[in-house]
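K.L.:
Contents of structure-v9.txt (compact mmCIF, C-alpha atoms and all ligand atoms):
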```
# COMPACT_ATOMS: atom_id res chain seq x y z
CA MET A 849 132.01 85.07 136.68
CA GLU A 850 130.04 82.68 138.96
CA ILE A 851 127.28 80.43 137.73
CA GLU A 852 125.09 77.49 138.80
CA VAL A 853 124.64 74.65 136.29
CA ILE A 854 120.94 73.82 135.94
CA LYS A 855 120.80 70.78 133.63
CA PHE A 856 122.47 68.97 130.72
CA ASP A 857 121.75 69.87 127.08
CA ASN A 858 121.29 67.28 124.31
CA LEU A 859 125.06 67.27 123.60
CA GLY A 860 126.04 66.40 127.20
CA ARG A 861 127.06 69.97 128.13
CA GLY A 862 125.91 71.70 131.32
CA ILE A 863 123.49 74.63 130.89
CA GLY A 864 123.27 77.78 132.98
CA TYR A 865 121.89 81.30 132.51
CA ILE A 866 123.59 84.70 132.61
CA ASN A 867 121.10 87.61 132.55
CA ASN A 868 118.48 85.24 131.07
CA LYS A 869 120.85 84.25 128.25
CA ILE A 870 121.62 80.54 127.97
CA ILE A 871 125.24 79.41 128.41
CA PHE A 872 126.66 75.99 127.51
CA ILE A 873 129.61 74.75 129.59
CA PRO A 874 131.29 71.50 128.46
CA LYS A 875 132.28 69.01 131.22
CA SER A 876 130.10 70.74 133.81
CA VAL A 877 127.45 68.86 135.79
CA PRO A 878 123.98 69.97 136.97
CA GLY A 879 124.33 71.32 140.52
CA ASP A 880 127.90 72.63 140.05
CA ILE A 881 128.67 76.16 141.23
CA LEU A 882 131.44 77.32 138.90
CA LYS A 883 133.75 80.17 138.12
CA ILE A 884 133.79 80.37 134.31
CA ASP A 885 135.31 82.18 131.35
CA ILE A 886 133.10 83.07 128.40
CA VAL A 887 134.74 81.70 125.23
CA LYS A 888 132.04 82.45 122.65
CA GLU A 889 129.37 85.13 122.57
CA LYS A 890 126.51 84.80 120.07
CA LYS A 891 123.21 86.68 119.75
CA ASN A 892 121.15 83.93 121.39
CA TYR A 893 123.64 81.99 123.47
CA LEU A 894 127.05 81.92 125.17
CA GLU A 895 129.67 79.22 125.50
CA GLY A 896 131.77 78.98 128.64
CA ARG A 897 134.77 77.13 130.01
CA ILE A 898 135.24 76.01 133.62
CA LYS A 899 137.87 78.14 135.40
CA GLU A 900 137.27 76.81 138.90
CA ILE A 901 134.78 74.48 140.56
CA ILE A 902 133.60 76.50 143.57
CA LYS A 903 131.16 73.82 144.79
CA PRO A 904 131.00 70.47 142.97
CA SER A 905 127.64 68.92 142.17
CA LYS A 906 126.59 65.89 144.25
CA LEU A 907 126.31 64.06 140.91
CA ARG A 908 130.06 64.33 140.26
CA LYS A 909 132.26 61.25 140.61
CA LYS A 910 136.03 60.67 140.44
CA VAL A 911 137.23 60.59 136.84
CA LEU A 912 139.59 57.72 136.05
CA CYS A 913 140.89 59.13 132.75
CA PRO A 914 143.83 61.58 132.97
CA TYR A 915 142.80 63.19 129.64
CA PHE A 916 139.18 63.91 130.55
CA ALA A 917 139.51 67.71 130.89
CA SER A 918 140.67 68.16 127.28
CA CYS A 919 139.58 65.03 125.37
CA GLY A 920 136.62 65.24 123.01
CA GLY A 921 135.55 61.62 123.58
CA CYS A 922 133.90 60.85 126.91
CA ASP A 923 132.08 63.97 128.05
CA LEU A 924 130.06 62.15 130.74
CA LEU A 925 132.93 60.39 132.57
CA ASN A 926 132.48 62.72 135.56
CA ILE A 927 129.06 61.34 136.57
CA SER A 928 128.02 57.84 137.70
CA LEU A 929 126.97 55.18 135.20
CA SER A 930 123.38 55.29 136.47
CA GLU A 931 123.28 59.08 135.94
CA GLU A 932 124.78 58.61 132.46
CA LEU A 933 122.06 56.10 131.55
CA GLU A 934 119.35 58.32 133.03
CA TYR A 935 120.67 61.30 131.05
CA LYS A 936 120.48 59.39 127.74
CA LEU A 937 116.96 58.13 128.44
CA HIS A 938 115.81 61.61 129.39
CA LYS A 939 117.47 63.13 126.30
CA ILE A 940 115.70 60.77 123.88
CA ASN A 941 112.33 61.28 125.52
CA ALA A 942 112.80 65.07 125.45
CA ILE A 943 113.66 64.98 121.71
CA LEU A 944 110.63 62.75 120.97
CA LYS A 945 108.30 65.02 122.97
CA LYS A 946 109.64 68.23 121.39
CA ASN A 947 108.88 66.74 117.97
CA ASN A 948 105.36 65.60 118.93
CA ILE A 949 106.21 61.91 118.67
CA ASN A 950 103.91 60.32 121.19
CA TYR A 951 106.09 57.57 122.69
CA GLU A 952 108.00 57.21 125.95
CA VAL A 953 111.16 55.08 125.95
CA LYS A 954 111.26 53.22 129.24
CA GLU A 955 114.58 51.42 129.26
CA ILE A 956 118.22 51.74 128.25
CA ILE A 957 120.35 48.61 127.84
CA LYS A 958 123.59 48.79 129.82
CA ASN A 959 126.95 47.99 128.34
CA SER A 960 128.58 44.81 129.77
CA ASN A 961 131.89 46.63 130.40
CA GLU A 962 131.83 50.34 131.04
CA TYR A 963 135.57 50.57 130.20
CA TYR A 964 137.76 48.91 127.54
CA TYR A 965 134.84 48.08 125.24
CA ARG A 966 135.59 49.87 121.91
CA ASN A 967 136.90 47.61 119.13
CA LYS A 968 138.07 50.54 117.00
CA ILE A 969 139.82 53.86 117.61
CA THR A 970 141.42 56.48 115.34
CA LEU A 971 144.50 58.41 116.47
CA LYS A 972 145.83 61.57 114.84
CA VAL A 973 149.57 62.11 114.38
CA ILE A 974 150.74 65.72 114.10
CA ASN A 975 154.47 66.51 114.11
CA LYS A 976 155.18 63.08 115.65
CA LYS A 977 152.73 63.73 118.51
CA ILE A 978 150.03 61.05 118.81
CA GLY A 979 146.56 61.47 120.26
CA TYR A 980 142.95 62.58 119.84
CA TYR A 981 141.58 65.98 118.99
CA GLN A 982 140.74 68.15 122.01
CA GLY A 983 137.02 68.78 122.36
CA LYS A 984 135.49 69.99 119.11
CA THR A 985 138.82 71.47 117.87
CA HIS A 986 141.67 70.31 115.64
CA ASN A 987 144.19 70.78 118.46
CA LEU A 988 145.95 67.56 119.38
CA LEU A 989 145.78 66.05 122.85
CA GLU A 990 148.66 63.60 123.28
CA ILE A 991 147.57 60.30 124.82
CA ASN A 992 149.15 56.93 125.50
CA ASN A 993 146.06 55.06 126.68
CA CYS A 994 142.30 55.23 126.24
CA LEU A 995 139.95 54.06 128.98
CA VAL A 996 137.23 52.95 126.54
CA ALA A 997 139.40 51.17 123.93
CA ARG A 998 139.90 47.41 124.19
CA LYS A 999 142.99 46.40 126.20
CA SER A 1000 144.73 44.87 123.18
CA ILE A 1001 144.32 48.25 121.40
CA ASN A 1002 145.68 50.04 124.48
CA ALA A 1003 148.84 47.93 124.48
CA LEU A 1004 149.52 49.08 120.92
CA ILE A 1005 148.73 52.79 121.52
CA LYS A 1006 151.77 53.04 123.79
CA GLU A 1007 154.09 51.98 120.99
CA ILE A 1008 152.58 53.65 117.91
CA ASP A 1009 155.48 56.16 117.92
CA LYS A 1010 157.77 53.27 116.83
CA PHE A 1011 156.19 53.50 113.35
CA SER A 1012 158.00 56.90 113.10
CA ILE A 1013 154.98 58.60 111.52
CA ILE A 1014 155.40 62.38 111.38
CA ASN A 1015 151.91 63.32 110.20
CA GLY A 1016 148.92 61.14 109.51
CA GLU A 1017 146.16 59.03 111.02
CA VAL A 1018 146.22 55.56 112.58
CA THR A 1019 143.11 53.43 113.03
CA ILE A 1020 143.36 50.30 115.17
CA ARG A 1021 140.61 47.66 114.95
CA CYS A 1022 140.32 44.55 117.12
CA ASN A 1023 138.20 41.42 116.62
CA ASN A 1024 136.77 38.86 119.08
CA LYS A 1025 140.10 36.97 119.14
CA GLU A 1026 141.97 40.19 120.02
CA GLU A 1027 143.59 40.17 116.58
CA LEU A 1028 144.54 43.66 115.41
CA LEU A 1029 144.17 45.36 112.04
CA ILE A 1030 146.16 48.60 111.69
CA ILE A 1031 145.11 51.16 109.07
CA ILE A 1032 147.49 54.06 108.46
CA ASN A 1033 147.10 57.11 106.25
CA SER A 1034 150.38 58.99 105.93
CA SER A 1035 152.95 60.00 103.34
CA ASP A 1036 155.78 59.02 105.74
CA LYS A 1037 157.85 55.86 105.43
CA LEU A 1038 156.92 53.41 108.19
CA ALA A 1039 159.62 51.97 110.49
CA ASN A 1040 159.77 48.81 112.65
CA ILE A 1041 157.06 46.81 110.84
CA GLU A 1042 158.83 43.55 111.87
CA TYR A 1043 158.89 44.71 115.51
CA PHE A 1044 155.10 45.18 115.53
CA VAL A 1045 154.46 41.93 113.70
CA SER A 1046 156.57 39.88 116.12
CA ASN A 1047 155.32 41.56 119.30
CA TYR A 1048 151.58 41.96 118.65
CA ASN A 1049 148.77 39.79 117.36
CA ILE A 1050 148.54 41.72 114.09
CA VAL A 1051 146.62 40.26 111.13
CA GLY A 1052 147.23 43.17 108.77
CA ILE A 1053 148.80 46.57 108.28
CA VAL A 1054 147.25 48.76 105.58
CA LEU A 1055 149.03 51.92 104.44
CA ASN A 1056 147.10 54.41 102.27
CA GLY A 1057 144.70 51.67 101.15
CA LYS A 1058 147.49 49.19 100.23
CA CYS A 1059 148.26 46.10 102.25
CA LEU A 1060 151.78 46.32 103.70
CA TYR A 1061 151.64 43.19 105.83
CA GLY A 1062 149.18 40.27 106.18
CA GLU A 1063 145.61 40.93 105.06
CA ASP A 1064 143.53 44.07 104.59
CA TYR A 1065 140.65 42.57 106.60
CA PHE A 1066 139.96 40.34 109.57
CA ILE A 1067 137.32 37.80 110.51
CA HIS A 1068 135.14 38.78 113.45
CA SER A 1069 132.43 36.81 115.23
CA VAL A 1070 129.22 37.96 116.92
CA ASN A 1071 126.45 35.56 118.04
CA ASN A 1072 128.12 32.62 116.24
CA HIS A 1073 128.08 34.42 112.89
CA LEU A 1074 131.39 35.06 111.15
CA PHE A 1075 132.07 38.37 109.41
CA LYS A 1076 134.90 39.28 107.09
CA ILE A 1077 135.40 42.99 107.68
CA SER A 1078 137.63 44.92 105.25
CA TYR A 1079 139.82 47.69 106.65
CA ASN A 1080 137.42 50.38 105.38
CA ALA A 1081 134.08 48.61 106.01
CA PHE A 1082 131.80 49.60 108.86
CA PHE A 1083 131.15 47.41 111.88
CA GLN A 1084 129.59 48.37 115.23
CA VAL A 1085 132.26 49.38 117.79
CA ASN A 1086 130.77 47.54 120.78
CA ASP A 1087 130.50 43.75 120.49
CA TYR A 1088 128.26 43.19 123.53
CA ILE A 1089 125.73 45.79 122.38
CA SER A 1090 125.95 44.45 118.78
CA SER A 1091 125.03 41.03 120.10
CA TYR A 1092 122.08 42.48 122.04
CA LEU A 1093 120.97 44.39 118.94
CA PHE A 1094 121.16 41.25 116.78
CA ASN A 1095 118.91 39.43 119.28
CA LEU A 1096 116.38 42.28 119.27
CA ILE A 1097 116.27 42.27 115.46
CA ASN A 1098 115.81 38.50 115.47
CA LYS A 1099 112.88 38.84 117.85
CA TYR A 1100 111.14 41.26 115.50
CA THR A 1101 111.72 39.30 112.28
CA THR A 1102 110.41 35.88 113.33
CA ASN A 1103 107.13 36.56 111.48
CA SER A 1104 108.72 38.34 108.52
CA HIS A 1105 108.93 36.76 105.05
CA ASN A 1106 111.02 38.97 102.78
CA VAL A 1107 113.37 41.51 104.34
CA LEU A 1108 115.10 44.51 102.77
CA ASP A 1109 118.22 45.53 104.75
CA LEU A 1110 119.14 49.06 103.67
CA TYR A 1111 122.62 50.37 104.63
CA CYS A 1112 123.73 46.77 105.22
CA GLY A 1113 127.53 47.17 105.60
CA VAL A 1114 129.23 43.74 105.56
CA GLY A 1115 125.79 42.10 105.83
CA ALA A 1116 125.73 41.77 109.63
CA LEU A 1117 121.97 42.27 110.08
CA SER A 1118 121.01 40.50 106.82
CA LEU A 1119 122.87 37.33 107.82
CA ASN A 1120 121.66 37.60 111.40
CA VAL A 1121 117.95 37.47 110.37
CA SER A 1122 118.32 35.07 107.43
CA ASP A 1123 117.30 31.91 109.35
CA ASN A 1124 114.00 33.55 110.35
CA VAL A 1125 112.83 34.51 106.87
CA LEU A 1126 112.38 33.45 103.23
CA SER A 1127 114.72 36.02 101.69
CA VAL A 1128 116.88 39.04 102.49
CA LEU A 1129 118.23 41.71 100.13
CA GLY A 1130 121.00 43.96 101.52
CA VAL A 1131 121.97 47.33 99.98
CA GLU A 1132 125.22 49.17 100.72
CA ILE A 1133 127.22 51.96 99.05
CA VAL A 1134 130.81 50.87 99.96
CA GLU A 1135 132.12 48.40 97.39
CA ASN A 1136 134.53 46.63 99.77
CA ALA A 1137 131.72 46.17 102.31
CA ILE A 1138 129.51 44.52 99.64
CA LYS A 1139 132.39 42.23 98.60
CA ASP A 1140 132.69 41.28 102.30
CA ALA A 1141 128.91 40.77 102.53
CA ASN A 1142 128.96 38.33 99.58
CA PHE A 1143 131.94 36.51 101.12
CA ASN A 1144 130.11 36.40 104.49
CA LYS A 1145 127.07 34.84 102.81
CA GLY A 1146 129.28 31.85 101.86
CA LEU A 1147 131.16 31.85 105.16
CA ASN A 1148 127.87 31.48 107.06
CA LYS A 1149 126.28 29.17 104.44
CA LYS A 1150 123.21 31.36 103.87
CA GLU A 1151 121.50 30.72 100.54
CA ASN A 1152 118.55 33.10 100.91
CA VAL A 1153 120.54 36.35 101.14
CA SER A 1154 121.70 38.62 98.29
CA PHE A 1155 123.38 42.01 98.15
CA ILE A 1156 123.50 45.06 95.87
CA CYS A 1157 126.18 47.75 95.88
CA SER A 1158 124.35 51.07 95.46
CA ASP A 1159 123.38 54.33 97.05
CA THR A 1160 120.03 53.52 98.68
CA LYS A 1161 118.31 56.43 96.95
CA ASN A 1162 119.20 54.89 93.55
CA ILE A 1163 117.37 51.60 94.14
CA LEU A 1164 113.89 52.99 94.78
CA ASN A 1165 112.51 50.46 92.23
CA LYS A 1166 113.70 47.62 94.53
CA ILE A 1167 111.67 49.00 97.45
CA SER A 1168 108.45 47.17 96.67
CA LYS A 1169 105.51 45.21 98.08
CA THR A 1170 107.65 42.06 97.76
CA TYR A 1171 109.10 43.04 101.13
CA ASP A 1172 107.08 42.97 104.33
CA THR A 1173 109.94 44.25 106.54
CA VAL A 1174 112.59 46.92 105.97
CA ILE A 1175 115.63 47.29 108.21
CA LEU A 1176 117.07 50.83 108.15
CA ASP A 1177 120.50 51.29 109.75
CA PRO A 1178 121.76 54.53 108.16
CA PRO A 1179 124.82 56.64 109.00
CA ARG A 1180 124.39 59.74 111.20
CA CYS A 1181 122.69 61.72 108.38
CA GLY A 1182 119.66 59.38 108.51
CA VAL A 1183 117.53 58.06 105.64
CA ASP A 1184 116.97 59.88 102.36
CA GLU A 1185 113.43 61.30 102.31
CA LYS A 1186 112.74 59.69 98.89
CA VAL A 1187 113.47 56.28 100.43
CA LEU A 1188 111.05 56.89 103.31
CA LYS A 1189 108.32 58.11 100.92
CA LYS A 1190 108.76 54.99 98.76
CA ILE A 1191 108.44 52.73 101.83
CA ILE A 1192 105.19 54.55 102.71
CA ASP A 1193 103.88 54.34 99.11
CA GLU A 1194 104.59 50.62 98.93
CA ASN A 1195 102.71 50.04 102.19
CA ILE A 1196 105.53 47.93 103.65
CA ASN A 1197 104.24 46.44 106.86
CA LYS A 1198 107.15 46.77 109.30
CA ILE A 1199 110.19 49.03 109.68
CA ILE A 1200 113.07 48.25 112.03
CA TYR A 1201 115.06 51.48 112.39
CA VAL A 1202 118.53 51.33 114.03
CA SER A 1203 120.09 54.75 114.56
CA CYS A 1204 123.19 56.33 116.10
CA ASP A 1205 121.77 59.85 115.81
CA PRO A 1206 118.53 60.64 117.66
CA PHE A 1207 118.04 63.95 115.82
CA THR A 1208 117.94 62.43 112.32
CA LEU A 1209 115.99 59.44 113.67
CA VAL A 1210 113.26 61.74 115.00
CA ARG A 1211 113.30 63.80 111.77
CA ASP A 1212 112.61 60.54 109.88
CA LEU A 1213 110.02 59.31 112.41
CA LYS A 1214 108.09 62.54 111.80
CA ILE A 1215 107.92 61.70 108.08
CA LEU A 1216 106.68 58.18 108.89
CA ASN A 1217 104.38 59.21 111.73
CA ASP A 1218 101.05 59.50 109.82
CA ASN A 1219 101.46 56.02 108.35
CA TYR A 1220 103.46 54.10 110.97
CA GLU A 1221 103.07 53.56 114.69
CA ILE A 1222 106.00 52.92 117.06
CA LYS A 1223 105.56 49.44 118.55
CA ASP A 1224 108.84 49.20 120.48
CA PHE A 1225 111.80 51.44 121.20
CA HIS A 1226 114.98 50.47 123.04
CA LEU A 1227 118.02 52.55 123.80
CA LEU A 1228 121.38 50.80 123.85
CA ASP A 1229 124.44 52.25 125.62
CA MET A 1230 126.73 51.48 122.67
CA PHE A 1231 129.06 54.43 123.35
CA THR A 1232 129.31 54.47 127.16
CA TRP A 1233 130.56 57.78 128.67
CA SER A 1234 130.02 59.75 125.45
CA GLU A 1235 126.81 61.70 124.85
CA HIS A 1236 126.02 59.38 121.91
CA VAL A 1237 123.45 56.61 122.12
CA GLU A 1238 122.11 53.89 119.81
CA SER A 1239 118.36 53.62 119.22
CA PHE A 1240 116.37 50.59 118.11
CA CYS A 1241 112.85 51.32 116.96
CA VAL A 1242 110.14 49.04 115.55
CA LEU A 1243 107.31 50.61 113.54
CA GLU A 1244 104.22 49.00 112.07
CA LYS A 1245 101.69 50.25 109.55
CA ARG A 1246 98.79 52.07 111.23
C1 LIG A 1301 125.51 52.50 110.63
S1 LIG A 1301 126.25 51.59 109.34
C2 LIG A 1301 125.28 50.11 109.39
C3 LIG A 1301 125.94 48.89 108.78
C4 LIG A 1301 125.29 47.54 109.06
N1 LIG A 1301 123.85 47.59 109.11
C5 LIG A 1301 125.84 46.92 110.33
O1 LIG A 1301 125.08 46.73 111.28
O2 LIG A 1301 127.04 46.61 110.39
C6 LIG A 1301 125.70 52.45 107.93
C7 LIG A 1301 126.16 51.86 106.62
O3 LIG A 1301 125.54 52.60 105.57
C8 LIG A 1301 126.44 52.75 104.49
N2 LIG A 1301 125.96 53.90 103.70
C9 LIG A 1301 126.17 55.22 103.93
N3 LIG A 1301 125.49 55.96 103.04
C10 LIG A 1301 124.82 55.10 102.23
C11 LIG A 1301 123.94 55.27 101.13
N4 LIG A 1301 123.60 56.48 100.70
N5 LIG A 1301 123.42 54.18 100.55
C12 LIG A 1301 123.75 52.93 100.99
N6 LIG A 1301 124.60 52.70 102.03
C13 LIG A 1301 125.12 53.77 102.65
C14 LIG A 1301 127.80 52.92 105.19
O4 LIG A 1301 128.85 52.60 104.32
C15 LIG A 1301 127.66 51.93 106.36
O5 LIG A 1301 128.12 50.66 106.01
```
Translate this structure into structure tokens?
Ligand SMILES: C[S@@+](CC[C@H](N)C(=O)[O-])C[C@H]1O[C@@H](n2cnc3c(N)ncnc32)[C@H](O)[C@@H]1O

P.N.:
Amino acid sequence: MEIEVIKFDNLGRGIGYINNKIIFIPKSVPGDILKIDIVKEKKNYLEGRIKEIIKPSKLRKKVLCPYFASCGGCDLLNISLSEELEYKLHKINAILKKNNINYEVKEIIKNSNEYYYRNKITLKVINKKIGYYQGKTHNLLEINNCLVARKSINALIKEIDKFSIINGEVTIRCNNKEELLIIINSSDKLANIEYFVSNYNIVGIVLNGKCLYGEDYFIHSVNNHLFKISYNAFFQVNDYISSYLFNLINKYTTNSHNVLDLYCGVGALSLNVSDNVLSVLGVEIVENAIKDANFNKGLNKKENVSFICSDTKNILNKISKTYDTVILDPPRCGVDEKVLKKIIDENINKIIYVSCDPFTLVRDLKILNDNYEIKDFHLLDMFTWSEHVESFCVLEKR
């Protein structure tokens, strides 16, 4: 079957039409003329797979990754960086418009390195084969390098088989000094630990939550702040964009007094703004992350910061008029509605919302819309070549 790709959808897939029915074709590009197979047929839509590119779109560019056709990671690697940035900007503005949020985002902040930027990857191991999942499946794609992972992580990927893992998962994290923390979940006995320790800059190996070598954390630095990050604590995957984000948050907290940092992780944003303000309270659900946050308070000599370990929706009594600014940096599921309603009820002056999921961000902006006005909105290309994008949004009371 032949088809012309008209545009991208909000998940980075090309869209075409067959007899007025919409079809989504992963890895296709607007302007492509394709021969396709239909792989899924639903009442309202179809899903297709490229069989042959009859005429490539002018937007296509040479793909440098040998795994692109099957990998689920970098769906936009076949267009130029400027097209990728344009796509993300357009996508956000389309989602805002569709949801009647009257704001146009004008700019997207470029990554400093379009390749080798990720400080964390997770590999699957199935029957001794090592790689990523293919597309949105649980089928393994064997890999021995990753174009977006930091080079020190890439060096290790090539040798992960030496651990002799049969089935499991391996996460590799890298800090600003290119020190590596390896986190393995597997019931297999690991081999060659000494080999890895003597050949790589490894600060810790953690197996099933227990430290096998070195430490179960590392110290990372962004914008002259030091962060202890435990093996299972969150930290942003792109250091350049993190640094940019920290600067943006600083800019918008210079007139703040008391800041509530909800979903605070290891305290990155709390500590970052602490010099601007009288006090900061950070709230985070992961116990290890809160232990790190308290450690990081001492490490950075910040007296005006404190932390609570809790689900955000269980500390509604802490969300009060005492705070003039709330930072929200939730996981992909967004902010609990009760938390948003409490912020509205307490009349808190400013909200700084950092989001990795535009759909839940816009859902939450709709709840805030009657009471808060968007004052600034930046997109950040945190996850270059994937369809994902980071948003930074400042809202003030109407
Ligand atoms: C996107 S991360 C942001 C972390 C931090 N602001 C930073 O910049 O490093 C979201 C954080 O929210 C935490 N989290 C997830 N659900 C939560 C909840 N219901 N209540 C509190 N924290 C939660 C996660 O553990 C994670 O650390």

K.L.:
Please provide as a ChimeraX atom specification all residues within 9 Å of Glu955 in chain A, with the sequence filter that same-chain residues fewer than 5 positions apart are discarded (counting all atoms listed in the file).

P.N.:
/A:937,1225-1228

K.L.:
Using all atoms listed in the file, which protein or nucleic acid residues are at most 6 Å from ligand LIG 1301 (chain A), as a compact mmCIF listing (two decimals) with C-alpha atoms, in the frame of the given file?

P.N.:
```txt
# COMPACT_ATOMS: atom_id res chain seq x y z
CA PHE A 1082 131.80 49.60 108.86
CA PHE A 1083 131.15 47.41 111.88
CA GLN A 1084 129.59 48.37 115.23
CA TYR A 1111 122.62 50.37 104.63
CA CYS A 1112 123.73 46.77 105.22
CA GLY A 1113 127.53 47.17 105.60
CA ALA A 1116 125.73 41.77 109.63
CA LEU A 1117 121.97 42.27 110.08
CA VAL A 1131 121.97 47.33 99.98
CA GLU A 1132 125.22 49.17 100.72
CA ILE A 1133 127.22 51.96 99.05
CA VAL A 1134 130.81 50.87 99.96
CA SER A 1158 124.35 51.07 95.46
CA ASP A 1159 123.38 54.33 97.05
CA THR A 1160 120.03 53.52 98.68
CA ASP A 1177 120.50 51.29 109.75
CA PRO A 1178 121.76 54.53 108.16
CA PRO A 1179 124.82 56.64 109.00
```

K.L.:
Using only C-alpha atoms, tabulate the residues of range 879-986 of chain A lying at most 10 Å from any atom of range 1031-1049 of chain A, each with its closest atom pair and that distance in Å to one decimal, by chain and increasing residue number, as CSV.

P.N.:
```
residue,atom,partner,partner_atom,distance
A:Thr970,CA,A:Ile1031,CA,9.0
A:Leu971,CA,A:Ile1032,CA,9.6
A:Lys972,CA,A:Asn1033,CA,9.8
A:Val973,CA,A:Ser1034,CA,9.0
```

K.L.:
Determine the nearest neighbour of Asn868 in chain A from the options A:Val1121, A:Leu894, A:Ala1081, A:Leu1243, counting only C-alpha atoms.

P.N.:
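Nearest candidate to Asn868 in chain A out of A:Val1121, A:Leu894, A:Ala1081, A:Leu1243: A:Leu894.
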
K.L.:
So that I can check the surroundings of range 927-936 of chain A, please list as a list in words every protein, DNA and RNA residue that reaches within 9 Å of it, counting only C-alpha atoms and ignoring chain neighbours fewer than 6 positions away.

P.N.:
Phe856, Asn858, Gly860, Val877, Leu907, Arg908, Lys909, Lys910, Val911, Ile956, Ile957, Lys958, Glu962, Leu1227, Asp1229, Thr1232, Trp1233, Ser1234, Glu1235, His1236 and Val1237 of chain A

K.L.:
Using only C-alpha atoms, which of the listed residues (A:Lys890, A:Arg1021, A:Lys1099, A:Lys1058) sits closest to Ala997 in chain A?

P.N.:
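Using only C-alpha atoms, the shortest distance to Ala997 in chain A belongs to A:Arg1021.
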
K.L.:
Which residue out of A:Ile1192, A:Leu1074, A:Val1107, A:Ile1200 has the minimum interatomic distance to Asn1144 in chain A when only C-alpha atoms are used?

P.N.:
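Checking each candidate against Asn1144 in chain A, we get A:Leu1074 as the closest.
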
K.L.:
So which one's closest to Phe1240 in chain A, A:Ile978, A:Val1018, A:Val1085, A:Val953? Using all atoms listed in the file, please.

P.N.:
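Nearest candidate to Phe1240 in chain A out of A:Ile978, A:Val1018, A:Val1085, A:Val953: A:Val953.
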
K.L.:
So how many Å separate CA of Lys976 in chain A and CA of Asp1009 in chain A, to one decimal?

P.N.:
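If I compute the distance from CA of Lys976 in chain A to CA of Asp1009 in chain A, I get 7.3 Å.
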
K.L.:
Which of these residues is nearest to Thr1101 in chain A, using all atoms listed in the file: A:Thr1173, A:Asn967, A:Ser1118, A:Ser1078?

P.N.:
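Distance minimum relative to Thr1101 in chain A lands on A:Thr1173.
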
K.L.:
In Å, rounded to a single decimal, give me how far CA of Tyr1088 in chain A is from CA of Leu1108 in chain A.

P.N.:
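CA of Leu1108 in chain A sits 24.6 Å away from CA of Tyr1088 in chain A.
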
K.L.:
So that all listed atoms of range 1065-1069 of chain A fit with 3 Å spare on each side, what axis-aligned box centre and edge lengths in Å, to one decimal, would you give as lines of an AutoDock Vina configuration file?

P.N.:
```
center_x = 136.5
center_y = 39.7
center_z = 110.9
size_x = 14.2
size_y = 11.8
size_z = 14.6
```

K.L.:
From the list A:Lys1161, A:Lys939, A:His1073, A:Arg861, which residue is nearest Gly1115 in chain A when using only C-alpha atoms?

P.N.:
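Going through A:Lys1161, A:Lys939, A:His1073, A:Arg861 one by one, the smallest distance to Gly1115 in chain A is for A:His1073.
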
K.L.:
Taking (157.5, 62.6, 115.2) in the coordinates of the supplied file, I want to know which residues reach to within 7 Å of it, counting all atoms listed in the file; could you give the answer as a ChimeraX atom specification?

P.N.:
/A:975-977,1012-1014

K.L.:
With C-alpha atoms retained, export the selected residues as a PDB file, keeping the file's coordinate frame.

P.N.:
```
ATOM      1  CA  ASN A 975     154.470  66.510 114.110  1.00  0.00           C
ATOM      2  CA  LYS A 976     155.180  63.080 115.650  1.00  0.00           C
ATOM      3  CA  LYS A 977     152.730  63.730 118.510  1.00  0.00           C
ATOM      4  CA  SER A1012     158.000  56.900 113.100  1.00  0.00           C
ATOM      5  CA  ILE A1013     154.980  58.600 111.520  1.00  0.00           C
ATOM      6  CA  ILE A1014     155.400  62.380 111.380  1.00  0.00           C
TER       7      ILE A1014
END
```

K.L.:
For Ile1050 in chain A, find every residue with an atom within 7 Å (counting all atoms listed in the file), except residues of its own chain fewer than 6 positions away, and show them as a VMD selection string.

P.N.:
chain A and resid 1027 to 1029

K.L.:
Just the selected residues (C-alpha atoms), exported as a compact mmCIF listing (two decimals), in the frame of the given file, please.

P.N.:
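Full text of result.txt as output:
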```txt
# COMPACT_ATOMS: atom_id res chain seq x y z
CA GLU A 1027 143.59 40.17 116.58
CA LEU A 1028 144.54 43.66 115.41
CA LEU A 1029 144.17 45.36 112.04
```

K.L.:
Have a look at CA of Phe1231 in chain A and CA of Asp923 in chain A and let me know their distance in Å, one decimal.

P.N.:
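Separation between CA of Phe1231 in chain A and CA of Asp923 in chain A: 11.1 Å.
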
K.L.:
Residues within 6 Å of (141.7, 43.8, 108.5), file coordinates, counting all atoms listed in the file: what are they? Give the list as a PDB file with C-alpha atoms, in the frame of the given file.

P.N.:
```pdb
ATOM      1  CA  LEU A1029     144.170  45.360 112.040  1.00  0.00           C
ATOM      2  CA  GLY A1052     147.230  43.170 108.770  1.00  0.00           C
ATOM      3  CA  GLU A1063     145.610  40.930 105.060  1.00  0.00           C
ATOM      4  CA  ASP A1064     143.530  44.070 104.590  1.00  0.00           C
ATOM      5  CA  TYR A1065     140.650  42.570 106.600  1.00  0.00           C
ATOM      6  CA  PHE A1066     139.960  40.340 109.570  1.00  0.00           C
ATOM      7  CA  SER A1078     137.630  44.920 105.250  1.00  0.00           C
ATOM      8  CA  TYR A1079     139.820  47.690 106.650  1.00  0.00           C
TER       9      TYR A1079
END
```

K.L.:
Set the distance at 12 Å and use only C-alpha atoms: which residues neighbour Tyr1201 in chain A once local chain neighbours fewer than 2 positions away are removed? I'd like the list as a count of residues only.

P.N.:
45

K.L.:
Can you pull out every residue within 10 Å of Glu1151 in chain A, counting all atoms listed in the file, but drop anything in the same chain fewer than 3 positions away, and send it as a ChimeraX atom specification?

P.N.:
/A:1119,1122-1123,1126-1128,1145-1146,1148,1154
